[in-house]
Amino acid sequence: MKTSVDLELVSAETPVVRVEDVWVAYSGSDRPAIAGVSLSIPAGVVVLVTGPNGAGKTTLVDTCLGLLKPLRGRAFLFGIDTRSRRIHEARKLCSYVPQNFMRPPYESYTARRVIELGFAPSKAPFEPLSESEEERVEKVAELLGIEDLLDRPMGTLSGGQQQKVLIARALAREPRALFLDEPFSSLDRESRKLVAEVVEEYAREEKAMAVIVSHDVNPVIGVADAIVRMEEGRVVEAEGLPGG
């Protein structure tokens with residue numbers, strides 16, 4: 001199902017993400033989490049966001065998605081101001097895999113069901129998956145090498161397996177923008193390379209934007225079109241982006 005904003009954006013010549021001199025602070029903090037950040041990211045681009053812990057990488061992603069609102073400056077997602085009530089429409093075109101992904105041992109949903117839940121934003125209550133959506137679940141599971149895990153409860157899977165399941169869910173819904181926050185944290189070297197390649201191929205084929213936040217640059221450096229480096233809440237380098 002295409003949202004109304006999706007139809008408007010098909011022919012729009014506008015960046016997927018645009019932030020203009022954005023400052024964000026958390027309640028009770030005596031310093032901004034990000035300060036004076038300006039970026040423009042077009043469709044079809046794979047971006048690596050890297051930097052030390054506390055540099056503001058996750059805050060930047062949350063700001064791009066409209067989960068955090070700027071104190072100063074403006075942020076846009078698919079041309080929609082993140083302060084607008086319509087930001088939820090733009091967010092439906094995105095997939096986000098956060099850092100904190102682990103499910104508890106008693107989680108009984110199967111991996112298949114977790115992936116299927118990725119389609120929920122475009123479904124009516126109790127509406128079943130279409131044949132093409134079911135095929136998409138199988139395809140992304142195969143791409144990520146987790147097809148044999150689909151009928152196992154999430155709580156019984158290892159951290160790396162759970163991480164792949166959630167990345168599969170993010171891809172299955174065919175987003176126009178993909179945000180992955182530390183997607184390699186629980187993966188071995190071979191799996192990191194696989195995930196990076198799958199994300200790159202998806203972005204190229206679907207002309208989607210992909211933002212990968214990672215302190216480990218090795219899996220992404222060969223596939224990224226642009227690299228954003230952050231330190232102490234500021235962008236210190238934006239190589240490969242307009243104005244970078």
# chains A, B, ... in the order shown; residues from 1 in each chain; ligands from 1
>>> residues_around(residues="Arg152 (chain A)", least_positions_apart="5", cutoff="12 Å", atoms="only C-alpha atoms", output="list in words")
Glu107, Ser108, Tyr109, Thr110, Ala111, Arg112, Arg113, Val114, Ile146, Glu147, Leu157, Ser158, Gln161, Gln162 and Val165 of chain A
>>> write_last_selection(atoms="C-alpha atoms", output="PDB file, in the first residue's frame")
ATOM      1  CA  GLU A 107       9.745 -14.013  23.574  1.00  0.00           C
ATOM      2  CA  SER A 108       7.528 -16.542  21.774  1.00  0.00           C
ATOM      3  CA  TYR A 109       7.028 -14.806  18.442  1.00  0.00           C
ATOM      4  CA  THR A 110       8.765 -16.743  15.716  1.00  0.00           C
ATOM      5  CA  ALA A 111      11.369 -15.073  13.530  1.00  0.00           C
ATOM      6  CA  ARG A 112       8.915 -15.280  10.646  1.00  0.00           C
ATOM      7  CA  ARG A 113       6.250 -13.436  12.624  1.00  0.00           C
ATOM      8  CA  VAL A 114       8.707 -10.736  13.661  1.00  0.00           C
ATOM      9  CA  ILE A 146      18.364 -17.127   8.213  1.00  0.00           C
ATOM     10  CA  GLU A 147      15.782 -19.152   6.281  1.00  0.00           C
ATOM     11  CA  LEU A 157      18.008 -17.144  18.988  1.00  0.00           C
ATOM     12  CA  SER A 158      21.484 -15.756  19.601  1.00  0.00           C
ATOM     13  CA  GLN A 161      20.611 -14.231  14.757  1.00  0.00           C
ATOM     14  CA  GLN A 162      18.123 -11.805  16.285  1.00  0.00           C
ATOM     15  CA  VAL A 165      15.977 -11.124  11.793  1.00  0.00           C
TER      16      VAL A 165
END
>>> residues_around(residues="Ser214 (chain A)", least_positions_apart="6", cutoff="12 Å", atoms="only C-alpha atoms", output="ChimeraX atom specification")
/A:47-53,55-58,61,98-99,179-185,192,196,220-221,224,227-230
>>> closest_residue(among="A:Arg91, A:Arg83, A:Arg176, A:Arg74", to="Glu205 (chain A)", atoms="only C-alpha atoms")
A:Arg176
>>> atom_distance(atom1="CA of Ile34 (chain A)", atom2="CA of Arg234 (chain A)")
5.9 Å
>>> residues_around(residues="Leu178 (chain A)", least_positions_apart="6", cutoff="7 Å", atoms="only C-alpha atoms", output="PyMOL selection string")
chain A and resi 94-96+209-211
>>> atom_distance(atom1="CA of Val198 (chain A)", atom2="CA of Ser40 (chain A)")
23.8 Å
>>> atom_distance(atom1="CA of Glu134 (chain A)", atom2="CA of Gly155 (chain A)")
22.4 Å
